[in-house]
2 protein chains.
Amino acid sequence: MTRAGFPGLLVTHLPDVRYLCGFTGSSAALAITRRVARLFTDGRYTAQAAEEVSAARVEIVSSAPAVHAAQWLAAQSGVSLAGFDPAHTTVAELSRLRAALPASLRRAFLQALPVPLVEPLRMVKDEDELTLIVEAALLGCRLFDHILSFLRPGLAEFEVAAELEHQARLLGAEGMSFETIVASGRRSALPHGRATAARLPRNGFLTLDFGIIHKGYCSDMTRTVHLGKPSARERSAYQAVLDAQLDAVAAVSAGASCGQVDEAARSVLRHAGLADAFTHSTGHGVGLEIHEPPRIGAGQTTRLLPGMVVTIEPGIYLPDEFGIRIEDMVAVTRNGGQVLTPAPKALIEL
Amino acid sequence: MTRAGFPGLLVTHLPDVRYLCGFTGSSAALAITRRVARLFTDGRYTAQAAEEVSAARVEIVSSAPAVHAAQWLAAQSGVSLAGFDPAHTTVAELSRLRAALPASLRRAFLQALPVPLVEPLRMVKDEDELTLIVEAALLGCRLFDHILSFLRPGLAEFEVAAELEHQARLLGAEGMSFETIVASGRRSALPHGRATAARLPRNGFLTLDFGIIHKGYCSDMTRTVHLGKPSARERSAYQAVLDAQLDAVAAVSAGASCGQVDEAARSVLRHAGLADAFTHSTGHGVGLEIHEPPRIGAGQTTRLLPGMVVTIEPGIYLPDEFGIRIEDMVAVTRNGGQVLTPAPKALIEL
């Protein structure tokens, strides 16, 4: 804050609030000066805030926490202006916050941070966070192992999702980190195929993309398996995606740019004549949110740092035929990348 | 749009996009003029958009859909300005959109809508929507019925959530509409108690607050049951919450203000000496989103209209003792309110 020239900081993005002070409720704002921090939340969270928050004083308010936080900052001596996060503050919210300030402060007191202050902290995970992320990722691997013995032709996709999510809960997950994707047969060509009533075919691909939440931290992994015997064309397509995935994982290293990692996957698929079938970016950061910076996409110049955790998930989608995606979570270390989701990736035939 | 003076409209809030054109993907923007509409999404959704969208032409783009939508609007003849929704557009997003426009249009082309245009449409559900919401609510009731026979002392809260969510999936739900709340014993005093490893007591309250998603529409209901024999104090507290809930349900009627409905619940609890224990508002709208306008809270002047669907969910929370909440979904009709979640509300002792 000092370097950025902001004596006050208003934090309203809930994952940032949780990261900074531990509070996990659904309504809160955190006000920070160079000396103190204060968390504002409402009466539903009195007990929970007392239990979870130690780094900030807690104030229970009966109306919008962010308004109270902004007013509190404006009343602190030595706080001439406060930064807010323009990526997580709506135009309407900013108007409301400004209107609640004394007239003399309305125009200039709240200023958009020119660069994010919390995001760079959150991108690099500390040891405690890495421990939780490793646990989350391994729980995901156990689910994949479990579901392999459950899969059979004729099951509805939603029955597969139901089993996966039930098992996740029984293994202690707090919930799923996103809507479970179960896409079978031709539906595997939908990169974001929801689990529908469609039945698993006797012969065809099945893509499973799922993640759980463990103590607030998200896991994310994808495996594509084959029911019945794959054709030569299916086999070679799978191998191309796997090669792309392995090359991108190998490109993960402190100092590499996100664009370089993306290009490692993309060039393999380009050489296989599948460039047009790879319709999304290679990956994204993951942590308290399922999608966080950095983005592993074409041309992205952000450089990887030790402690970042990203997904590597190239895929190809051939409409009316099939799709294949393989995804791991990878932690960036000083000397390369460590795969956190060590489930098998060689083509599984069921 | 004509009445509001906006020849162009930029819609980026995904539930609004879905409501207006049927597209359910996770990345999209809809551009509307008085004559045509165009949906912008990315390559992951080519097949899905073709399948789901008929009311708008679809354009697949390789970068931010909202930027393309704004540029497209700016290029339409007769469109001198376009409205955006300030409640769902971040400060950073607005800067990005403006920067992508021709220099002469940067300042004035995109203007915040002074009143929401899509929200009033979405608040009043049409027949097709009501059918889906009724189905969603009844599925919720079936889950409650199912879980009653599953509950027993010693189960972990998360095992209850697991069973509920598994059954929801098997009954065809697309997912849960929010994180399932299972709060037992003293934890029932947490209005938003997550399902933890805490075990159901031999004697105490258990609050279950859960909802499912059915064809995009959310259900939401809460029941509080008692394990073992309730004390006289528990019984009278339960009766007070039930009376408050029934009075608020009875106050639901076309023309009533949201504040009147809230007061119907609040006054019962006030007379019971429990005003301070009722720490939240009485309810909220529900539809494509689990929390939508209107808000049923103190002083809210919005008037109920036939076709609105709201929750009625008073609760009391006595820290270190217990909590009780009872919630129904209620559809506003010309002559009153119709309860959509007809599961029993008399105190159940298990």
# chains A, B, ... in the order shown; residues from 1 in each chain; ligands from 1
>>> interface_residues(of="chain B", to="chain A", cutoff="6 Å", atoms="only C-alpha atoms", output="list in words")
Gly43, Arg44, Pro86, Ala87, Thr89, Thr90, Val91, Ala92, Ala162, His166, Arg169, Pro191 and Thr279 of chain B
>>> residues_around(residues="Val182 (chain B)", least_positions_apart="5", cutoff="6 Å", atoms="only C-alpha atoms", output="MDAnalysis selection string")
chainID B and resid 157 195 207:208
>>> write_last_selection(atoms="N, CA, C and O atoms", output="mmCIF file, in the first residue's frame")
data_model
loop_
_atom_site.group_PDB
_atom_site.id
_atom_site.type_symbol
_atom_site.label_atom_id
_atom_site.label_comp_id
_atom_site.auth_asym_id
_atom_site.auth_seq_id
_atom_site.Cartn_x
_atom_site.Cartn_y
_atom_site.Cartn_z
ATOM 1 N N GLU B 157 -22.810 -34.099 9.745
ATOM 2 C CA GLU B 157 -23.599 -33.162 8.926
ATOM 3 C C GLU B 157 -23.287 -33.348 7.446
ATOM 4 O O GLU B 157 -24.184 -33.307 6.596
ATOM 5 N N ALA B 195 -22.267 -27.612 6.163
ATOM 6 C CA ALA B 195 -22.280 -28.995 6.621
ATOM 7 C C ALA B 195 -20.855 -29.381 7.005
ATOM 8 O O ALA B 195 -19.976 -29.432 6.152
ATOM 9 N N THR B 207 -31.178 -27.874 11.340
ATOM 10 C CA THR B 207 -31.692 -27.022 10.270
ATOM 11 C C THR B 207 -31.128 -27.488 8.929
ATOM 12 O O THR B 207 -29.916 -27.660 8.780
ATOM 13 N N LEU B 208 -32.026 -27.687 7.983
ATOM 14 C CA LEU B 208 -31.657 -28.094 6.620
ATOM 15 C C LEU B 208 -32.139 -27.007 5.672
ATOM 16 O O LEU B 208 -33.343 -26.736 5.596
#
>>> residues_around(residues="Ser63 (chain A)", least_positions_apart="2", cutoff="12 Å", atoms="only C-alpha atoms", output="PDB file with N, CA and C atoms, in the first residue's frame")
ATOM      1  N   SER A  27     -21.014 -12.208   3.000  1.00  0.00           N
ATOM      2  CA  SER A  27     -21.270 -10.770   2.975  1.00  0.00           C
ATOM      3  C   SER A  27     -20.241 -10.096   3.864  1.00  0.00           C
ATOM      4  N   ALA A  28     -19.328  -9.331   3.266  1.00  0.00           N
ATOM      5  CA  ALA A  28     -18.269  -8.718   4.066  1.00  0.00           C
ATOM      6  C   ALA A  28     -17.502  -7.693   3.252  1.00  0.00           C
ATOM      7  N   ALA A  29     -16.872  -6.778   3.966  1.00  0.00           N
ATOM      8  CA  ALA A  29     -15.904  -5.864   3.363  1.00  0.00           C
ATOM      9  C   ALA A  29     -14.807  -5.639   4.379  1.00  0.00           C
ATOM     10  N   PHE A  40     -16.093  -5.710   8.189  1.00  0.00           N
ATOM     11  CA  PHE A  40     -17.508  -5.396   8.360  1.00  0.00           C
ATOM     12  C   PHE A  40     -18.340  -6.538   7.776  1.00  0.00           C
ATOM     13  N   THR A  41     -19.277  -7.043   8.598  1.00  0.00           N
ATOM     14  CA  THR A  41     -20.186  -8.068   8.095  1.00  0.00           C
ATOM     15  C   THR A  41     -21.526  -7.873   8.799  1.00  0.00           C
ATOM     16  N   ASP A  42     -22.507  -8.749   8.471  1.00  0.00           N
ATOM     17  CA  ASP A  42     -23.831  -8.523   9.057  1.00  0.00           C
ATOM     18  C   ASP A  42     -24.159  -9.544  10.143  1.00  0.00           C
ATOM     19  N   GLY A  43     -25.317  -9.344  10.738  1.00  0.00           N
ATOM     20  CA  GLY A  43     -25.707 -10.088  11.939  1.00  0.00           C
ATOM     21  C   GLY A  43     -25.793 -11.589  11.778  1.00  0.00           C
ATOM     22  N   ARG A  44     -25.918 -12.080  10.541  1.00  0.00           N
ATOM     23  CA  ARG A  44     -25.955 -13.525  10.345  1.00  0.00           C
ATOM     24  C   ARG A  44     -24.616 -14.159  10.704  1.00  0.00           C
ATOM     25  N   GLU A  59     -16.671  -5.699  12.953  1.00  0.00           N
ATOM     26  CA  GLU A  59     -17.807  -4.826  13.276  1.00  0.00           C
ATOM     27  C   GLU A  59     -19.046  -5.347  12.556  1.00  0.00           C
ATOM     28  N   ILE A  60     -20.089  -5.628  13.338  1.00  0.00           N
ATOM     29  CA  ILE A  60     -21.343  -6.128  12.768  1.00  0.00           C
ATOM     30  C   ILE A  60     -22.214  -4.932  12.392  1.00  0.00           C
ATOM     31  N   VAL A  61     -22.668  -4.889  11.155  1.00  0.00           N
ATOM     32  CA  VAL A  61     -23.475  -3.752  10.693  1.00  0.00           C
ATOM     33  C   VAL A  61     -24.787  -4.268  10.129  1.00  0.00           C
ATOM     34  N   PRO A  65     -22.091  -3.849   4.116  1.00  0.00           N
ATOM     35  CA  PRO A  65     -20.763  -3.786   4.743  1.00  0.00           C
ATOM     36  C   PRO A  65     -19.777  -2.873   4.006  1.00  0.00           C
ATOM     37  N   ALA A  66     -19.827  -2.865   2.676  1.00  0.00           N
ATOM     38  CA  ALA A  66     -18.859  -2.062   1.926  1.00  0.00           C
ATOM     39  C   ALA A  66     -19.069  -0.570   2.183  1.00  0.00           C
ATOM     40  N   VAL A  67     -20.318  -0.158   2.342  1.00  0.00           N
ATOM     41  CA  VAL A  67     -20.600   1.250   2.638  1.00  0.00           C
ATOM     42  C   VAL A  67     -19.993   1.619   3.990  1.00  0.00           C
ATOM     43  N   HIS A  68     -20.197   0.763   4.978  1.00  0.00           N
ATOM     44  CA  HIS A  68     -19.626   1.021   6.299  1.00  0.00           C
ATOM     45  C   HIS A  68     -18.099   1.037   6.245  1.00  0.00           C
ATOM     46  N   ALA A  69     -17.532   0.140   5.466  1.00  0.00           N
ATOM     47  CA  ALA A  69     -16.071   0.075   5.365  1.00  0.00           C
ATOM     48  C   ALA A  69     -15.516   1.354   4.738  1.00  0.00           C
TER      49      ALA A  69
ATOM     50  N   THR B 279     -32.084 -12.033  12.702  1.00  0.00           N
ATOM     51  CA  THR B 279     -30.985 -11.150  12.288  1.00  0.00           C
ATOM     52  C   THR B 279     -30.874 -10.953  10.786  1.00  0.00           C
ATOM     53  N   HIS B 280     -31.882 -11.370  10.039  1.00  0.00           N
ATOM     54  CA  HIS B 280     -31.781 -11.161   8.586  1.00  0.00           C
ATOM     55  C   HIS B 280     -33.142 -10.750   8.045  1.00  0.00           C
ATOM     56  N   SER B 281     -33.223 -10.539   6.724  1.00  0.00           N
ATOM     57  CA  SER B 281     -34.510 -10.140   6.167  1.00  0.00           C
ATOM     58  C   SER B 281     -35.369 -11.381   5.932  1.00  0.00           C
ATOM     59  N   GLY B 297     -37.578  -7.229   2.814  1.00  0.00           N
ATOM     60  CA  GLY B 297     -36.877  -6.742   3.994  1.00  0.00           C
ATOM     61  C   GLY B 297     -37.571  -5.529   4.575  1.00  0.00           C
ATOM     62  N   ALA B 298     -37.127  -5.136   5.775  1.00  0.00           N
ATOM     63  CA  ALA B 298     -37.738  -3.993   6.465  1.00  0.00           C
ATOM     64  C   ALA B 298     -37.663  -2.749   5.589  1.00  0.00           C
TER      65      ALA B 298
END
>>> residues_around(residues="Val17 (chain A)", least_positions_apart="5", cutoff="7 Å", atoms="only C-alpha atoms", output="ChimeraX atom specification")
/A:11-12,23,29-30
>>> residues_around(residues="Ile348 (chain A)", least_positions_apart="3", cutoff="10 Å", atoms="only C-alpha atoms", output="ChimeraX atom specification")
/A:148,205,223-230,344-345
>>> write_last_selection(atoms="N, CA and C atoms", output="mmCIF file, in the first residue's frame")
data_model
loop_
_atom_site.group_PDB
_atom_site.id
_atom_site.type_symbol
_atom_site.label_atom_id
_atom_site.label_comp_id
_atom_site.auth_asym_id
_atom_site.auth_seq_id
_atom_site.Cartn_x
_atom_site.Cartn_y
_atom_site.Cartn_z
ATOM 1 N N LEU A 148 -13.791 -44.867 -11.981
ATOM 2 C CA LEU A 148 -13.414 -45.821 -13.036
ATOM 3 C C LEU A 148 -14.129 -47.157 -12.834
ATOM 4 N N PHE A 205 -15.676 -41.999 -26.526
ATOM 5 C CA PHE A 205 -14.963 -41.295 -25.462
ATOM 6 C C PHE A 205 -15.919 -40.823 -24.377
ATOM 7 N N ARG A 223 -9.979 -36.056 -17.108
ATOM 8 C CA ARG A 223 -9.485 -37.233 -17.795
ATOM 9 C C ARG A 223 -10.511 -37.623 -18.850
ATOM 10 N N THR A 224 -10.010 -38.118 -19.982
ATOM 11 C CA THR A 224 -10.879 -38.646 -21.030
ATOM 12 C C THR A 224 -10.566 -40.121 -21.173
ATOM 13 N N VAL A 225 -11.572 -40.966 -20.974
ATOM 14 C CA VAL A 225 -11.370 -42.410 -21.099
ATOM 15 C C VAL A 225 -12.183 -42.902 -22.296
ATOM 16 N N HIS A 226 -11.961 -44.156 -22.686
ATOM 17 C CA HIS A 226 -12.683 -44.693 -23.835
ATOM 18 C C HIS A 226 -13.458 -45.942 -23.423
ATOM 19 N N LEU A 227 -14.740 -45.950 -23.756
ATOM 20 C CA LEU A 227 -15.555 -47.150 -23.563
ATOM 21 C C LEU A 227 -15.447 -47.965 -24.842
ATOM 22 N N GLY A 228 -15.154 -49.260 -24.712
ATOM 23 C CA GLY A 228 -14.955 -50.078 -25.903
ATOM 24 C C GLY A 228 -13.600 -49.804 -26.531
ATOM 25 N N LYS A 229 -13.437 -50.344 -27.721
ATOM 26 C CA LYS A 229 -12.136 -50.269 -28.388
ATOM 27 C C LYS A 229 -12.039 -49.003 -29.234
ATOM 28 N N PRO A 230 -11.023 -48.163 -28.998
ATOM 29 C CA PRO A 230 -10.891 -46.958 -29.821
ATOM 30 C C PRO A 230 -10.436 -47.293 -31.239
ATOM 31 N N PRO A 344 -3.534 -41.680 -13.707
ATOM 32 C CA PRO A 344 -3.004 -42.147 -14.998
ATOM 33 C C PRO A 344 -3.524 -41.328 -16.175
ATOM 34 N N LYS A 345 -2.650 -41.166 -17.184
ATOM 35 C CA LYS A 345 -3.046 -40.416 -18.376
ATOM 36 C C LYS A 345 -2.960 -41.233 -19.662
#
